$ cat work.txt   # compact mmCIF, C-alpha atoms
# COMPACT_ATOMS: atom_id res chain seq x y z
CA LEU A 6 -16.55 -0.07 -8.95
CA LEU A 7 -16.98 -1.98 -5.69
CA GLN A 8 -20.32 -0.26 -5.21
CA GLN A 9 -21.41 -1.42 -8.69
CA ARG A 10 -20.43 -4.96 -7.67
CA GLY A 11 -22.48 -4.72 -4.48
CA LEU A 12 -19.38 -4.86 -2.27
CA ALA A 13 -19.00 -1.29 -0.99
CA HIS A 14 -20.77 -2.09 2.28
CA ARG A 15 -17.88 -4.46 3.11
CA VAL A 16 -15.15 -1.84 2.68
CA ARG A 17 -14.01 1.17 4.67
CA LEU A 18 -11.40 3.43 3.03
CA SER A 19 -9.38 5.66 5.35
CA ILE A 20 -7.22 8.28 3.70
CA LEU A 21 -4.29 9.33 5.86
CA GLY A 22 -2.38 12.47 4.99
CA ALA A 23 -3.16 15.62 3.13
CA GLY A 24 -2.24 16.82 -0.29
CA HIS A 25 -2.85 20.00 -2.21
CA PRO A 26 -6.14 21.54 -0.99
CA SER A 27 -7.67 21.54 -4.49
CA TYR A 28 -6.88 17.84 -4.95
CA GLU A 29 -8.37 16.98 -1.58
CA ALA A 30 -11.48 18.99 -2.49
CA GLN A 31 -11.68 17.08 -5.78
CA LEU A 32 -11.51 13.76 -3.90
CA ARG A 33 -14.17 14.85 -1.42
CA ASP A 34 -16.44 15.95 -4.28
CA LEU A 35 -15.90 12.60 -6.00
CA VAL A 36 -16.84 10.73 -2.82
CA ASP A 37 -19.99 12.85 -2.48
CA ASN A 38 -20.95 12.50 -6.16
CA LEU A 39 -20.53 8.71 -6.02
CA GLY A 40 -22.56 8.51 -2.81
CA ILE A 41 -19.87 6.55 -0.99
CA GLY A 42 -19.33 8.94 1.92
CA ALA A 43 -20.39 6.27 4.42
CA HIS A 44 -17.42 4.17 3.29
CA VAL A 45 -14.66 6.82 3.07
CA GLU A 46 -13.03 8.86 5.81
CA PHE A 47 -10.44 11.60 5.42
CA LEU A 48 -8.19 11.55 8.48
CA GLY A 49 -5.93 14.42 7.46
CA ARG A 50 -2.25 14.93 8.07
CA VAL A 51 -0.63 12.51 10.50
CA PRO A 52 2.71 13.31 12.14
CA ARG A 53 5.46 11.06 10.75
CA ASP A 54 6.25 9.49 14.11
CA GLU A 55 2.59 8.49 14.61
CA ILE A 56 2.24 6.52 11.38
CA PRO A 57 3.35 3.15 12.83
CA SER A 58 0.70 3.36 15.54
CA TRP A 59 -1.97 4.21 12.94
CA LEU A 60 -1.09 1.23 10.74
CA ARG A 61 -2.25 -1.25 13.38
CA TYR A 62 -5.86 -0.17 12.79
CA PHE A 63 -5.92 -1.43 9.21
CA ASP A 64 -5.85 -4.75 7.36
CA VAL A 65 -4.86 -3.59 3.88
CA PHE A 66 -2.63 -0.79 2.62
CA LEU A 67 -3.40 0.60 -0.82
CA PHE A 68 -0.56 2.14 -2.79
CA THR A 69 -2.30 3.58 -5.81
CA SER A 70 0.37 5.89 -7.15
CA HIS A 71 0.98 6.06 -10.88
CA TRP A 72 4.27 7.94 -10.43
CA PRO A 73 7.41 5.80 -10.77
CA GLU A 74 8.77 6.53 -7.29
CA PRO A 75 12.27 5.09 -6.72
CA MET A 76 11.18 3.08 -3.65
CA ALA A 77 8.04 3.90 -1.72
CA ARG A 78 8.99 3.84 1.95
CA THR A 79 5.31 3.73 2.90
CA VAL A 80 5.00 0.35 1.16
CA MET A 81 7.90 -1.07 3.19
CA GLU A 82 6.47 0.39 6.41
CA ALA A 83 3.05 -1.14 5.73
CA MET A 84 4.56 -4.54 4.97
CA ALA A 85 6.77 -4.39 8.05
CA ALA A 86 3.69 -3.53 10.13
CA GLY A 87 1.98 -6.70 8.90
CA LEU A 88 -0.51 -5.20 6.46
CA LEU A 89 -1.42 -6.75 3.14
CA VAL A 90 -0.21 -4.36 0.46
CA ILE A 91 -2.19 -3.88 -2.73
CA ALA A 92 -0.05 -1.74 -5.00
CA SER A 93 0.25 -0.37 -8.48
CA GLU A 94 3.10 -1.83 -10.52
CA VAL A 95 5.24 1.30 -10.81
CA GLY A 96 8.58 2.45 -9.51
CA GLY A 97 11.11 0.76 -7.28
CA GLN A 98 8.65 -1.03 -5.02
CA VAL A 99 7.97 -3.60 -7.73
CA GLU A 100 11.34 -5.07 -6.69
CA MET A 101 9.85 -6.14 -3.36
CA LEU A 102 6.26 -6.90 -4.41
CA LYS A 103 5.41 -10.35 -5.76
CA HIS A 104 1.77 -10.63 -6.82
CA GLY A 105 0.04 -13.48 -5.02
CA GLU A 106 3.13 -14.27 -2.93
CA ASN A 107 3.62 -11.30 -0.59
CA SER A 108 1.19 -8.72 -2.01
CA LEU A 109 -1.38 -8.07 -4.68
CA THR A 110 -0.40 -5.83 -7.56
CA TYR A 111 -2.15 -4.31 -10.54
CA PRO A 112 -1.24 -2.10 -13.52
CA ALA A 113 -1.14 1.60 -12.62
CA LYS A 114 -4.30 3.57 -13.44
CA ASP A 115 -6.32 0.35 -13.93
CA GLY A 116 -9.32 0.78 -11.64
CA GLN A 117 -10.90 -2.50 -12.70
CA ALA A 118 -7.74 -4.42 -11.77
CA LEU A 119 -7.58 -2.65 -8.40
CA ALA A 120 -11.23 -3.49 -7.77
CA ASN A 121 -10.47 -7.10 -8.73
CA CYS A 122 -7.68 -7.21 -6.12
CA LEU A 123 -10.02 -5.82 -3.47
CA GLN A 124 -12.74 -8.27 -4.43
CA GLN A 125 -10.23 -11.12 -4.22
CA VAL A 126 -9.47 -10.08 -0.64
CA LEU A 127 -13.17 -9.84 0.20
CA ASP A 128 -13.89 -13.24 -1.36
CA ASP A 129 -10.98 -14.97 0.40
CA PRO A 130 -10.47 -13.59 3.94
CA LEU A 131 -7.64 -16.07 4.60
CA LEU A 132 -5.63 -14.37 1.86
CA VAL A 133 -5.09 -11.24 3.98
CA PRO A 134 -3.09 -12.81 6.82
CA LYS A 135 -1.27 -15.16 4.46
CA LEU A 136 0.03 -12.45 2.13
CA ALA A 137 0.54 -9.99 5.00
CA ARG A 138 2.81 -12.44 6.84
CA ALA A 139 4.74 -13.19 3.67
CA GLY A 140 5.13 -9.47 2.96
CA GLN A 141 6.35 -8.78 6.47
CA GLN A 142 8.83 -11.64 6.23
CA SER A 143 10.19 -10.46 2.89
CA VAL A 144 10.75 -6.92 4.17
CA LEU A 145 12.46 -8.18 7.32
CA GLU A 146 14.70 -10.48 5.28
CA ARG A 147 15.57 -8.20 2.38
CA PHE A 148 15.04 -4.55 3.28
CA THR A 149 16.34 -3.92 6.77
CA LEU A 150 18.92 -1.19 7.23
CA LYS A 151 21.53 -3.78 8.29
CA ARG A 152 20.91 -5.83 5.16
CA MET A 153 21.18 -2.81 2.89
CA VAL A 154 24.39 -1.63 4.58
CA ASP A 155 25.87 -5.13 4.33
CA ASP A 156 24.99 -5.30 0.62
CA LEU A 157 26.45 -1.85 0.00
CA GLU A 158 29.68 -2.78 1.82
CA ALA A 159 29.96 -5.98 -0.20
CA TRP A 160 29.46 -4.07 -3.46
CA LEU A 161 32.03 -1.43 -2.48
CA GLY A 162 34.44 -4.20 -1.48
CA SER A 163 34.02 -5.82 -4.90
CA LEU A 164 34.96 -2.51 -6.55
CA LEU A 165 38.23 -2.43 -4.61
CA GLN A 166 39.19 -5.88 -5.84

$ encode --input "work.txt" --output "structure tokens"
Amino acid sequence: LLQQRGLAHRVRLSILGAGHPSYEAQLRDLVDNLGIGAHVEFLGRVPRDEIPSWLRYFDVFLFTSHWPEPMARTVMEAMAAGLLVIASEVGGQVEMLKHGENSLTYPAKDGQALANCLQQVLDDPLLVPKLARAGQQSVLERFTLKRMVDDLEAWLGSLLQ
């Protein structure tokens, strides 16, 4: 869709990780068939402990899942690392994502809406640091381990009363 809009030359998509070999082959074939190989790189599996160091090389983190995951840890990690998160509106991460305030969100499986979010970022480069800082701040304020333990202790204490 970005290629159709004449914007593909301004985007580089790096895919970290590896999935089922047939799915990865399907993605590679799609990239080849669309002629966007110059804009997409498959980096393969990355050891868990190396992910934070990889995140510093990127500006935007795309969470394009359509599965209602309870809380995508990768989204929190990306926000904590200072990346702008563009994410589908599914699962538990919608609790932390506020469209236009600390992230950009779109309905799951809606490619046009995802392309619109990416175009918005390309059209307004000041949006990236603004939303990235707000996302980082919201994760640090609301989703640290200490905060979650404190909230759990308070809830358990309320049950005792």

$ residues_around --input "work.txt" --residues "range 83-97 of chain A" --least-positions-apart "5" --cutoff "6 Å" --atoms "only C-alpha atoms" --output "short mmCIF file (atom, residue, chain, number, x, y, z; two decimals) with C-alpha atoms, keeping the file's coordinate frame"
data_model
loop_
_atom_site.label_atom_id
_atom_site.label_comp_id
_atom_site.auth_asym_id
_atom_site.auth_seq_id
_atom_site.Cartn_x
_atom_site.Cartn_y
_atom_site.Cartn_z
CA ASP A 64 -5.85 -4.75 7.36
CA VAL A 65 -4.86 -3.59 3.88
CA PHE A 66 -2.63 -0.79 2.62
CA LEU A 67 -3.40 0.60 -0.82
CA PHE A 68 -0.56 2.14 -2.79
CA THR A 69 -2.30 3.58 -5.81
CA PRO A 73 7.41 5.80 -10.77
CA GLU A 74 8.77 6.53 -7.29
CA PRO A 75 12.27 5.09 -6.72
CA MET A 76 11.18 3.08 -3.65
CA SER A 108 1.19 -8.72 -2.01
CA LEU A 109 -1.38 -8.07 -4.68
CA THR A 110 -0.40 -5.83 -7.56
CA TYR A 111 -2.15 -4.31 -10.54
CA PRO A 112 -1.24 -2.10 -13.52
CA ALA A 113 -1.14 1.60 -12.62
CA VAL A 133 -5.09 -11.24 3.98
CA LEU A 136 0.03 -12.45 2.13
CA ALA A 137 0.54 -9.99 5.00
CA GLY A 140 5.13 -9.47 2.96
CA GLN A 141 6.35 -8.78 6.47
#

$ residues_around --input "work.txt" --residues "Pro57 in chain A" --least-positions-apart "2" --cutoff "10 Å" --atoms "only C-alpha atoms" --output "list of chain:residue names"
A:Arg53, A:Asp54, A:Glu55, A:Trp59, A:Leu60, A:Arg61, A:Tyr62, A:Glu82, A:Ala83, A:Ala85, A:Ala86

$ residues_around --input "work.txt" --residues "Leu48 in chain A" --least-positions-apart "6" --cutoff "12 Å" --atoms "all atoms listed in the file" --output "list in words"
Leu18, Ser19, Ile20, Leu21, Gly22, Ala23, Gly24, Glu29, Ile56 and Trp59 of chain A

$ axis_aligned_box --input "work.txt" --around "range 148-153 of chain A" --padding-each-side "4 Å" --output "JSON"
{"center_x": 18.3, "center_y": -3.5, "center_z": 5.6, "size_x": 14.5, "size_y": 12.6, "size_z": 13.4}

$ atom_distance --input "work.txt" --atom1 "CA of Val80 in chain A" --atom2 "CA of Phe47 in chain A"
19.6 Å

$ atom_distance --input "work.txt" --atom1 "CA of His71 in chain A" --atom2 "CA of Asp128 in chain A"
26.2 Å

$ atom_distance --input "work.txt" --atom1 "CA of Arg15 in chain A" --atom2 "CA of Leu127 in chain A"
7.7 Å

$ closest_residue --input "work.txt" --among "A:Gln166, A:Gln98, A:Ser58, A:Gln125" --to "Ser70 in chain A" --atoms "all atoms listed in the file"
A:Gln98

$ residues_around --input "work.txt" --residues "Gln9 in chain A" --least-positions-apart "2" --cutoff "12 Å" --atoms "all atoms listed in the file" --output "list in words"
Leu6, Leu7, Gly11, Leu12, Ala13, His14, Leu39, Gly40, Ile41, Gln117, Ala120 and Gln124 of chain A

$ closest_residue --input "work.txt" --among "A:Ala30, A:Val16, A:Leu165, A:Leu145" --to "Phe63 in chain A" --atoms "only C-alpha atoms"
A:Val16
